[in-house]
$ cat start-v2.txt   # compact mmCIF, C-alpha atoms
# COMPACT_ATOMS: atom_id res chain seq x y z
CA MET A 1 127.94 57.71 155.25
CA LYS A 2 125.56 60.35 156.60
CA LYS A 3 127.57 62.98 154.75
CA ASN A 4 127.33 61.05 151.51
CA MET A 5 123.63 60.61 152.00
CA LEU A 6 123.27 64.36 152.59
CA VAL A 7 125.14 65.14 149.39
CA ILE A 8 123.03 62.69 147.42
CA LEU A 9 119.89 64.15 148.93
CA LEU A 10 120.97 67.70 148.06
CA LEU A 11 121.80 66.67 144.49
CA ALA A 12 118.42 65.00 144.15
CA VAL A 13 116.67 68.13 145.37
CA MET A 14 118.65 70.29 142.94
CA VAL A 15 117.76 68.00 140.03
CA LEU A 16 114.12 68.06 141.05
CA VAL A 17 114.09 71.84 141.34
CA ALA A 18 115.78 72.21 137.97
CA ALA A 19 113.37 69.77 136.39
CA CYS A 20 110.43 71.61 137.88
CA GLY A 21 111.87 74.89 136.76
CA ASN A 22 112.33 73.66 133.18
CA ASN A 23 108.88 72.18 133.16
CA LYS A 24 107.39 75.40 134.52
CA SER A 25 109.26 77.42 131.94
CA GLY A 26 108.05 75.14 129.16
CA ASN A 27 104.49 75.32 130.36
CA GLY A 28 104.85 79.03 130.78
CA ASN A 29 105.91 79.44 127.15
CA SER A 30 103.12 77.19 126.02
CA ALA A 31 100.65 79.05 128.19
CA ASN A 32 101.84 82.38 126.85
CA THR A 33 101.55 81.16 123.29
CA GLY A 34 98.16 79.72 124.04
CA SER A 35 97.17 82.90 125.82
CA ASN A 36 98.35 85.04 122.95
CA ALA A 37 96.60 82.86 120.42
CA GLY A 38 93.54 82.68 122.60
CA GLY A 39 93.72 86.44 123.10
CA GLY A 40 93.97 86.89 119.35
CA GLU A 41 90.99 84.65 118.80
CA ALA A 42 89.09 86.45 121.52
CA ALA A 43 90.01 89.77 119.97
CA ALA A 44 88.88 88.50 116.60
CA GLY A 45 85.75 87.12 118.21
CA ASP A 46 85.17 90.43 119.93
CA LYS A 47 85.36 92.27 116.64
CA LEU A 48 82.01 93.56 115.53
CA LYS A 49 80.94 91.50 112.53
CA VAL A 50 79.06 93.63 110.02
CA VAL A 51 77.54 92.52 106.70
CA LEU A 52 76.07 94.77 104.00
CA LEU A 53 73.39 93.42 101.66
CA ILE A 54 73.08 95.30 98.36
CA PRO A 55 69.66 94.91 96.64
CA GLY A 56 71.37 95.17 93.28
CA THR A 57 75.01 95.30 92.26
CA LEU A 58 77.93 97.57 92.98
CA GLY A 59 79.35 99.85 90.33
CA ASP A 60 76.52 102.38 90.11
CA LYS A 61 78.87 105.11 91.41
CA SER A 62 75.90 106.31 93.39
CA PHE A 63 73.55 104.78 95.98
CA PHE A 64 75.03 101.29 96.34
CA ASP A 65 78.65 102.38 96.03
CA ALA A 66 78.06 105.00 98.73
CA ALA A 67 76.81 102.27 101.08
CA ASN A 68 79.83 100.13 100.27
CA SER A 69 82.06 103.10 101.04
CA GLY A 70 80.37 103.31 104.42
CA LEU A 71 81.08 99.64 105.09
CA GLN A 72 84.74 100.19 104.20
CA LYS A 73 84.85 103.03 106.73
CA VAL A 74 83.35 100.70 109.34
CA LYS A 75 86.17 98.25 108.64
CA ASP A 76 88.96 100.83 108.53
CA GLU A 77 87.91 103.11 111.38
CA LEU A 78 86.14 100.73 113.76
CA GLY A 79 88.18 97.59 113.11
CA ALA A 80 85.10 95.54 112.30
CA GLU A 81 85.04 92.35 110.30
CA THR A 82 82.97 93.13 107.21
CA LYS A 83 81.45 91.54 104.15
CA VAL A 84 79.35 92.86 101.27
CA VAL A 85 76.78 90.70 99.46
CA GLU A 86 75.42 91.78 96.09
CA MET A 87 71.89 90.33 95.86
CA GLY A 88 71.37 91.32 92.22
CA ALA A 89 68.32 92.63 90.42
CA ASP A 90 66.18 89.49 90.85
CA LYS A 91 63.89 90.54 93.70
CA THR A 92 62.75 86.97 94.33
CA LYS A 93 66.23 86.24 95.70
CA TRP A 94 66.30 89.07 98.20
CA GLU A 95 64.20 87.61 101.00
CA PRO A 96 65.96 84.20 101.00
CA THR A 97 69.31 86.00 101.05
CA PHE A 98 68.23 88.13 104.03
CA ASN A 99 67.21 84.99 105.89
CA ASP A 100 70.38 83.08 104.98
CA ILE A 101 72.66 85.91 106.08
CA ALA A 102 70.70 86.47 109.30
CA ALA A 103 71.26 82.80 110.15
CA GLU A 104 75.03 83.30 109.91
CA ASP A 105 77.36 84.67 112.59
CA TRP A 106 76.91 88.40 111.96
CA ASP A 107 76.30 90.94 114.71
CA VAL A 108 74.95 93.68 112.46
CA VAL A 109 73.09 93.28 109.16
CA ILE A 110 72.82 96.39 106.99
CA SER A 111 70.79 97.05 103.87
CA GLY A 112 68.95 100.00 102.38
CA GLY A 113 65.96 101.09 100.37
CA SER A 114 62.22 101.31 100.80
CA GLU A 115 61.80 98.38 98.39
CA ILE A 116 63.48 95.99 100.81
CA THR A 117 62.09 97.46 104.03
CA GLU A 118 59.12 95.14 104.53
CA MET A 119 61.12 91.92 104.08
CA PHE A 120 64.08 93.37 105.98
CA ASN A 121 61.82 94.21 108.93
CA ALA A 122 60.44 90.67 108.86
CA THR A 123 63.97 89.26 108.96
CA ALA A 124 64.80 91.49 111.92
CA GLU A 125 61.69 90.38 113.80
CA ALA A 126 62.62 86.73 113.22
CA ASN A 127 66.15 87.31 114.55
CA PRO A 128 65.82 89.32 117.78
CA ASP A 129 69.37 88.45 118.88
CA LYS A 130 70.90 90.45 116.01
CA LYS A 131 70.97 94.14 115.14
CA PHE A 132 69.79 95.53 111.83
CA ILE A 133 70.32 98.90 110.13
CA ASN A 134 68.34 100.18 107.15
CA TYR A 135 70.44 103.04 105.82
CA ASP A 136 67.72 104.57 103.65
CA THR A 137 63.99 104.03 104.01
CA ASP A 138 60.92 106.23 103.97
CA ILE A 139 58.95 103.82 106.16
CA GLU A 140 58.85 105.01 109.76
CA GLU A 141 57.99 101.75 111.53
CA ALA A 142 60.93 99.70 112.72
CA PRO A 143 61.30 96.55 114.85
CA GLU A 144 62.95 96.94 118.25
CA ASN A 145 66.28 95.59 116.90
CA MET A 146 66.26 97.78 113.77
CA TYR A 147 67.55 101.32 113.27
CA ASN A 148 66.33 103.21 110.20
CA MET A 149 67.61 106.31 108.45
CA SER A 150 66.31 108.55 105.72
CA TYR A 151 67.48 111.82 104.24
CA SER A 152 65.96 115.21 103.45
CA THR A 153 66.12 114.52 99.73
CA ASN A 154 63.48 117.13 99.04
CA GLU A 155 65.70 119.83 100.56
CA VAL A 156 68.96 118.83 98.87
CA SER A 157 67.05 118.49 95.59
CA PHE A 158 65.67 122.00 96.10
CA LEU A 159 69.26 123.22 96.16
CA ALA A 160 70.10 121.11 93.09
CA GLY A 161 67.12 122.66 91.30
CA ALA A 162 68.35 126.12 92.20
CA VAL A 163 71.78 125.27 90.75
CA ALA A 164 70.20 123.90 87.58
CA ALA A 165 68.04 127.01 87.09
CA LEU A 166 71.00 129.30 87.72
CA ALA A 167 73.03 127.33 85.17
CA THR A 168 70.42 127.27 82.42
CA GLN A 169 69.86 131.04 82.52
CA SER A 170 73.59 131.80 82.71
CA ASP A 171 76.23 132.42 80.07
CA MET A 172 78.05 129.18 80.93
CA PRO A 173 79.63 127.74 77.75
CA ASN A 174 77.22 124.83 77.32
CA ALA A 175 74.04 126.59 78.42
CA ASN A 176 71.51 127.56 75.73
CA PRO A 177 69.07 130.50 75.67
CA GLU A 178 66.09 128.30 76.60
CA ASN A 179 65.42 128.10 80.33
CA VAL A 180 64.58 124.41 80.30
CA ILE A 181 66.13 121.86 82.64
CA GLY A 182 65.65 118.10 82.87
CA PHE A 183 65.04 115.29 85.33
CA VAL A 184 65.50 111.56 84.73
CA GLY A 185 64.21 109.28 87.48
CA GLY A 186 64.52 105.54 87.89
CA MET A 187 60.82 105.01 88.54
CA ASP A 188 57.66 107.03 89.07
CA ILE A 189 57.50 106.28 92.80
CA PRO A 190 57.26 108.49 95.91
CA GLY A 191 60.94 108.13 96.83
CA ILE A 192 62.03 109.41 93.41
CA ASN A 193 59.32 112.05 93.26
CA ALA A 194 60.58 113.45 96.57
CA PHE A 195 63.67 114.45 94.59
CA LEU A 196 61.55 115.71 91.70
CA VAL A 197 59.25 117.98 93.70
CA GLY A 198 62.18 119.52 95.58
CA TYR A 199 64.07 119.98 92.30
CA ILE A 200 61.14 121.73 90.62
CA GLN A 201 60.50 124.02 93.59
CA GLY A 202 64.19 124.92 93.86
CA ALA A 203 64.30 125.80 90.17
CA GLN A 204 61.13 127.87 90.50
CA TYR A 205 62.63 129.69 93.48
CA VAL A 206 65.31 131.00 91.12
CA ASP A 207 63.09 131.38 88.06
CA PRO A 208 59.29 131.09 88.44
CA ASP A 209 58.96 130.56 84.68
CA VAL A 210 61.49 127.72 84.36
CA LYS A 211 60.42 124.58 82.51
CA VAL A 212 61.35 121.04 83.58
CA ALA A 213 61.32 118.02 81.28
CA VAL A 214 60.64 114.83 83.28
CA SER A 215 61.33 111.23 82.24
CA TYR A 216 61.23 107.92 84.10
CA ALA A 217 63.29 104.95 82.96
CA GLY A 218 61.30 102.31 84.83
CA ASP A 219 64.63 100.78 85.80
CA PHE A 220 67.59 101.52 88.04
CA VAL A 221 70.16 99.34 86.25
CA ASN A 222 69.80 100.27 82.58
CA PRO A 223 72.37 102.90 81.48
CA ALA A 224 71.31 102.50 77.83
CA LYS A 225 67.77 103.59 78.72
CA GLY A 226 69.15 106.48 80.75
CA LYS A 227 71.18 107.65 77.78
CA GLU A 228 68.23 107.31 75.39
CA LEU A 229 65.93 109.42 77.59
CA SER A 230 68.64 112.01 78.18
CA LEU A 231 69.45 112.41 74.49
CA ILE A 232 65.75 113.08 73.84
CA GLN A 233 65.78 115.78 76.51
CA TYR A 234 69.04 117.39 75.38
CA ASN A 235 67.81 117.38 71.77
CA SER A 236 64.60 119.12 72.89
CA GLY A 237 66.47 122.09 74.39
CA VAL A 238 67.40 120.92 77.91
CA ASP A 239 70.94 121.89 78.90
CA VAL A 240 71.24 120.33 82.37
CA ILE A 241 69.70 117.06 83.64
CA PHE A 242 69.36 115.87 87.23
CA ASN A 243 70.13 112.16 87.56
CA VAL A 244 67.95 110.30 90.07
CA ALA A 245 68.13 106.88 88.47
CA GLY A 246 70.87 104.86 90.16
CA GLY A 247 72.90 102.80 87.67
CA THR A 248 70.56 103.88 84.87
CA GLY A 249 71.79 107.41 85.51
CA LEU A 250 75.27 106.55 84.25
CA GLY A 251 73.73 106.80 80.78
CA ILE A 252 72.81 110.42 81.49
CA PHE A 253 76.49 111.26 81.77
CA ASP A 254 77.18 109.44 78.50
CA ALA A 255 74.55 111.59 76.81
CA ALA A 256 75.88 114.75 78.44
CA LYS A 257 79.33 114.02 77.04
CA GLU A 258 77.95 113.24 73.58
CA LYS A 259 75.95 116.48 73.47
CA THR A 260 78.37 118.58 75.56
CA LYS A 261 75.64 119.50 78.01
CA TYR A 262 75.53 119.59 81.80
CA ALA A 263 74.30 117.09 84.38
CA ILE A 264 73.79 116.93 88.12
CA GLY A 265 74.64 113.74 89.98
CA VAL A 266 72.93 112.07 92.91
CA ASP A 267 73.68 110.28 96.20
CA SER A 268 77.49 110.38 95.77
CA ASP A 269 79.90 112.98 94.39
CA GLN A 270 79.61 111.46 90.94
CA ALA A 271 82.01 113.86 89.24
CA MET A 272 84.83 112.78 91.53
CA LEU A 273 83.97 109.11 91.01
CA LEU A 274 84.29 109.55 87.24
CA LYS A 275 87.14 112.05 87.18
CA ASP A 276 89.99 109.54 86.90
CA THR A 277 88.36 107.39 84.23
CA ASP A 278 86.69 110.06 82.08
CA SER A 279 87.55 113.63 82.95
CA ASP A 280 85.59 115.06 79.99
CA LYS A 281 82.43 113.45 81.32
CA ALA A 282 83.17 114.42 84.93
CA ASN A 283 83.71 118.06 84.00
CA LEU A 284 80.12 118.29 82.77
CA ILE A 285 78.69 117.22 86.15
CA VAL A 286 78.20 120.63 87.70
CA THR A 287 77.46 119.22 91.16
CA SER A 288 75.74 116.28 92.85
CA ALA A 289 72.92 116.13 95.39
CA ILE A 290 74.59 113.98 98.00
CA LYS A 291 73.10 111.71 100.61
CA LYS A 292 76.00 111.18 102.98
CA ILE A 293 75.21 107.49 103.21
CA ASP A 294 78.79 106.45 103.94
CA MET A 295 79.07 108.72 106.98
CA ALA A 296 75.55 107.81 108.12
CA ILE A 297 76.42 104.10 108.12
CA LEU A 298 79.69 104.73 109.92
CA GLY A 299 77.99 106.92 112.52
CA ALA A 300 75.21 104.40 113.16
CA VAL A 301 77.57 101.45 113.59
CA LYS A 302 79.85 103.49 115.83
CA LYS A 303 76.91 104.38 118.09
CA LEU A 304 75.83 100.74 118.08
CA GLN A 305 79.33 99.72 119.12
CA ASP A 306 79.28 102.34 121.89
CA GLY A 307 75.82 101.29 123.02
CA THR A 308 74.28 104.69 122.27
CA LEU A 309 72.25 103.89 119.14
CA GLU A 310 68.50 104.18 119.70
CA MET A 311 66.98 101.11 118.09
CA GLY A 312 63.38 100.83 116.95
CA LYS A 313 63.28 104.30 115.39
CA ARG A 314 63.99 106.24 112.20
CA ASP A 315 66.03 109.42 111.98
CA VAL A 316 65.73 111.90 109.12
CA LEU A 317 69.09 113.43 108.25
CA GLY A 318 69.10 116.85 106.62
CA PHE A 319 71.40 119.84 106.24
CA VAL A 320 71.45 120.52 109.99
CA GLU A 321 72.46 116.91 110.75
CA ASP A 322 75.04 117.00 107.92
CA GLY A 323 73.20 114.15 106.24
CA VAL A 324 72.84 115.86 102.85
CA GLY A 325 74.62 118.48 100.77
CA ILE A 326 75.73 119.35 97.26
CA ALA A 327 79.19 118.56 95.96
CA GLU A 328 81.33 121.69 96.07
CA ASN A 329 84.41 120.12 94.53
CA ASP A 330 87.04 121.50 92.15
CA ILE A 331 84.75 121.00 89.16
CA TYR A 332 81.92 122.90 90.82
CA THR A 333 84.19 125.81 91.71
CA SER A 334 85.73 125.96 88.25
CA VAL A 335 82.69 125.25 86.04
CA PHE A 336 79.99 127.05 88.01
CA PRO A 337 80.69 130.82 88.08
CA ALA A 338 81.55 132.37 91.44
CA GLU A 339 78.54 134.69 91.46
CA LEU A 340 76.25 131.71 90.94
CA GLN A 341 78.00 129.80 93.70
CA ALA A 342 77.25 132.74 96.01
CA LYS A 343 73.56 132.62 95.08
CA ALA A 344 73.45 128.86 95.66
CA GLU A 345 75.09 129.37 99.04
CA GLU A 346 72.37 131.87 99.97
CA VAL A 347 69.73 129.28 99.16
CA LYS A 348 71.57 126.63 101.19
CA GLN A 349 71.77 128.88 104.24
CA LYS A 350 68.07 129.65 104.00
CA LEU A 351 67.37 125.92 103.92
CA ILE A 352 69.60 125.37 106.95
CA ASN A 353 67.88 128.22 108.79
CA LYS A 354 64.46 126.85 107.84
CA GLU A 355 63.60 130.08 106.02
CA ILE A 356 62.47 127.96 103.07
CA THR A 357 59.89 125.21 103.38
CA VAL A 358 60.10 122.47 100.76
CA ASP A 359 57.18 120.18 99.99
CA ASN A 360 57.73 116.43 100.24
CA ALA A 361 56.20 114.08 97.68
CA MET A 362 56.23 111.31 100.28
CA GLY A 363 53.07 112.79 101.75
CA MET A 364 51.41 113.70 98.48
CA GLU A 365 48.66 112.14 96.45
CA THR A 366 49.62 111.00 92.96
CA SER A 367 47.42 113.73 91.51
CA GLU A 368 49.34 116.40 93.43
CA VAL A 369 52.67 115.23 92.01
CA GLU A 370 51.13 115.11 88.55
CA ALA A 371 49.91 118.70 88.91
CA ILE A 372 53.41 119.89 89.87
CA ARG A 373 54.93 118.10 86.88
CA ASN A 374 52.38 119.50 84.48
CA ALA A 375 52.86 123.06 85.81
CA VAL A 376 56.46 123.10 84.53
CA LYS A 377 56.07 120.90 81.47
CA PRO A 378 57.92 122.37 78.45
$ encode --input "start-v2.txt" --output "C-alpha cells"
Amino acid sequence: MKKNMLVILLLAVMVLVAACGNNKSGNGNSANTGSNAGGGEAAAGDKLKVVLLIPGTLGDKSFFDAANSGLQKVKDELGAETKVVEMGADKTKWEPTFNDIAAEDWDVVISGGSEITEMFNATAEANPDKKFINYDTDIEEAPENMYNMSYSTNEVSFLAGAVAALATQSDMPNANPENVIGFVGGMDIPGINAFLVGYIQGAQYVDPDVKVAVSYAGDFVNPAKGKELSLIQYNSGVDVIFNVAGGTGLGIFDAAKEKTKYAIGVDSDQAMLLKDTDSDKANLIVTSAIKKIDMAILGAVKKLQDGTLEMGKRDVLGFVEDGVGIAENDIYTSVFPAELQAKAEEVKQKLINKEITVDNAMGMETSEVEAIRNAVKP
C-alpha cells in the first residue's frame, strides 16, 4: 500500500512538473514574442521622428528639392522616421500648418527660408519640448530649441560670376562677341541680392568692363515668367544667365534651350537633375552655384541625434565648411574649356584662402545695391 502510494505520488509530481514545464515554455514563447514585438515598438518609438515643411511645393529642382534630398538622407543614413509636408504658395496657410505639425508627435521639425523664419521661431517658442531646424535663414536670432543655418551665397555667387564672365568672353560655341551676362532673380529682396552682388563682383574680377542685365520675376513659382524675362535678355545680347529664382528659374532653362544659350543653375546641381529628362537643356547649364542643403540638413540632424548640436544659434556655411560650391560635373568639364576651369579654380582657392573679400547685400542699404546694379547695366 505504501509502495503504491509512493508510485502515485511520484507520478503526480512528474505530471505537475511536466505541466509546469509546458506552461513555462508557453509563457516563455509568449513573453519572447511580446518582448520582440515590444522591442520592435520600442525601437520604432526610439526612432527619431523628423518632419520637413516646404513653404511651397516640390519639383523646383533647386531649393526645395535639395531640402527634400536632405530629409531622404536623414531617413536612409540615420534610420529616422520622416515625412515631408508641402505647404503650397498660399502664405496664409503656413503658420497654421507649423502649429498643427508642432502639435503632432514629431521630435524634429525642419523648414527653411527667411520668409518663414519669424513664424517658425514663434512656433518653436510655443513648443519648447521639440527641436526645430531652419536650414536656410539670414536672421541671426534663434530660440533656445532652434538651430539655424545660412550659406555664403555671396562667395559662391562670386565664383559663378567669374565663370559667367569667362564664358561670355570665350570662344565657346554659344558665346557671342558681346561681354554681357544676365541674372534673373525671384524677387528684389536682400536674400536674392546677396547672390546678385557676389555675381557682379565675381564677373568684374574677371572683366572690369563686363555688363550684367538684371531682372526680377516677383515670383518663385512661375516658370513662364522666368522664360519670358530670359528670352528678353538673350535677345538683347546676353549669352549666359544666372538663375536665382527657384521654380521660376526652370523657365530660364527653357529659354536657354530655345535660344541655344548658356545658363548657370542655383542651390542644386541643376544640370544633373535635368540630364535624364532633357539632355539638350542640361548641356547648356555650364555649372550651378550650390548650397549643400541636403548635407547641411543631414549633418545637423546627425549632431542633434548625437547630442552635439548647439541650439539657439546660427552657423554660416561657406567654402571652408563645405557648405557651398559650384557643380564640377561631366557637363562642366566637357562644355567649359579646361583653361577656363583652371582660372575658375584659382578664384575658388583665393576665396577659400580669404584672399578675396566679397561684399554681402544682406548688410547693404537699398541704394547701395541699386548703385551696384546701375554700374554694370548694359
$ atom_distance --input "start-v2.txt" --atom1 "CA of Ile252 in chain A" --atom2 "CA of Glu346 in chain A"
28.3 Å
$ residues_near_point --input "start-v2.txt" --point "(76.9, 116.9, 79.1)" --cutoff "10 Å" --atoms "all atoms listed in the file" --output "list in words"
Asn174, Ser230, Leu231, Tyr234, Asp239, Val240, Ile241, Ile252, Phe253, Asp254, Ala255, Ala256, Lys257, Glu258, Lys259, Thr260, Lys261, Tyr262, Ala263, Ile264, Asp280, Lys281, Ala282, Asn283, Leu284, Ile285 and Val286 of chain A
$ axis_aligned_box --input "start-v2.txt" --around "range 235-251 of chain A" --padding-each-side "8 Å" --output "lines of an AutoDock Vina configuration file"
center_x = 69.9
center_y = 112.4
center_z = 81.0
size_x = 26.7
size_y = 35.3
size_z = 34.4
$ residues_around --input "start-v2.txt" --residues "Leu71 in chain A" --least-positions-apart "3" --cutoff "8 Å" --atoms "only C-alpha atoms" --output "MDAnalysis selection string"
chainID A and resid 52 67:68 74:75 82 84 294 297:298
$ residues_around --input "start-v2.txt" --residues "Phe195 in chain A" --least-positions-apart "4" --cutoff "8 Å" --atoms "only C-alpha atoms" --output "count of residues only"
7
$ atom_distance --input "start-v2.txt" --atom1 "CA of Asn121 in chain A" --atom2 "CA of Val50 in chain A"
17.3 Å
$ residues_near_point --input "start-v2.txt" --point "(73.4, 88.6, 118.8)" --cutoff "9 Å" --atoms "only C-alpha atoms" --output "list in words"
Asp105, Trp106, Asp107, Val108, Asn127, Pro128, Asp129, Lys130 and Lys131 of chain A
$ closest_residue --input "start-v2.txt" --among "A:Thr117, A:Thr357, A:Ser152, A:Asn193" --to "Val320 in chain A" --atoms "all atoms listed in the file"
A:Ser152
$ residues_around --input "start-v2.txt" --residues "Val156 in chain A" --least-positions-apart "5" --cutoff "9 Å" --atoms "only C-alpha atoms" --output "PyMOL selection string"
chain A and resi 151+161+195+198-199+289-291+318-319+324-326+348+351
$ atom_distance --input "start-v2.txt" --atom1 "CA of Ser170 in chain A" --atom2 "CA of Phe242 in chain A"
17.1 Å
$ closest_residue --input "start-v2.txt" --among "A:Leu196, A:Met146, A:Ile101, A:Leu53" --to "Ala361 in chain A" --atoms "only C-alpha atoms"
A:Leu196
$ residues_around --input "start-v2.txt" --residues "Asp65 in chain A" --least-positions-apart "3" --cutoff "12 Å" --atoms "all atoms listed in the file" --output "PDB file with C-alpha atoms, in the frame of the given file"
ATOM      1  CA  LEU A  52      76.070  94.770 104.000  1.00  0.00           C
ATOM      2  CA  LEU A  53      73.390  93.420 101.660  1.00  0.00           C
ATOM      3  CA  ILE A  54      73.080  95.300  98.360  1.00  0.00           C
ATOM      4  CA  PRO A  55      69.660  94.910  96.640  1.00  0.00           C
ATOM      5  CA  GLY A  56      71.370  95.170  93.280  1.00  0.00           C
ATOM      6  CA  THR A  57      75.010  95.300  92.260  1.00  0.00           C
ATOM      7  CA  LEU A  58      77.930  97.570  92.980  1.00  0.00           C
ATOM      8  CA  GLY A  59      79.350  99.850  90.330  1.00  0.00           C
ATOM      9  CA  ASP A  60      76.520 102.380  90.110  1.00  0.00           C
ATOM     10  CA  LYS A  61      78.870 105.110  91.410  1.00  0.00           C
ATOM     11  CA  SER A  62      75.900 106.310  93.390  1.00  0.00           C
ATOM     12  CA  ASN A  68      79.830 100.130 100.270  1.00  0.00           C
ATOM     13  CA  SER A  69      82.060 103.100 101.040  1.00  0.00           C
ATOM     14  CA  GLY A  70      80.370 103.310 104.420  1.00  0.00           C
ATOM     15  CA  LEU A  71      81.080  99.640 105.090  1.00  0.00           C
ATOM     16  CA  GLN A  72      84.740 100.190 104.200  1.00  0.00           C
ATOM     17  CA  VAL A  84      79.350  92.860 101.270  1.00  0.00           C
ATOM     18  CA  GLU A  86      75.420  91.780  96.090  1.00  0.00           C
ATOM     19  CA  GLY A 112      68.950 100.000 102.380  1.00  0.00           C
ATOM     20  CA  GLY A 246      70.870 104.860  90.160  1.00  0.00           C
ATOM     21  CA  GLY A 247      72.900 102.800  87.670  1.00  0.00           C
ATOM     22  CA  VAL A 266      72.930 112.070  92.910  1.00  0.00           C
ATOM     23  CA  ASP A 267      73.680 110.280  96.200  1.00  0.00           C
ATOM     24  CA  SER A 268      77.490 110.380  95.770  1.00  0.00           C
ATOM     25  CA  ASP A 269      79.900 112.980  94.390  1.00  0.00           C
ATOM     26  CA  GLN A 270      79.610 111.460  90.940  1.00  0.00           C
ATOM     27  CA  LEU A 273      83.970 109.110  91.010  1.00  0.00           C
ATOM     28  CA  LYS A 291      73.100 111.710 100.610  1.00  0.00           C
ATOM     29  CA  LYS A 292      76.000 111.180 102.980  1.00  0.00           C
ATOM     30  CA  ILE A 293      75.210 107.490 103.210  1.00  0.00           C
ATOM     31  CA  ASP A 294      78.790 106.450 103.940  1.00  0.00           C
TER      32      ASP A 294
END
$ closest_residue --input "start-v2.txt" --among "A:Gln169, A:Val221, A:Met187, A:Val206" --to "Asp90 in chain A" --atoms "only C-alpha atoms"
A:Val221
$ closest_residue --input "start-v2.txt" --among "A:Ala245, A:Val301, A:Ala213, A:Ile200" --to "Asp359 in chain A" --atoms "all atoms listed in the file"
A:Ile200
$ closest_residue --input "start-v2.txt" --among "A:Ala102, A:Met272, A:Ala126, A:Ala327" --to "Glu345 in chain A" --atoms "all atoms listed in the file"
A:Ala327
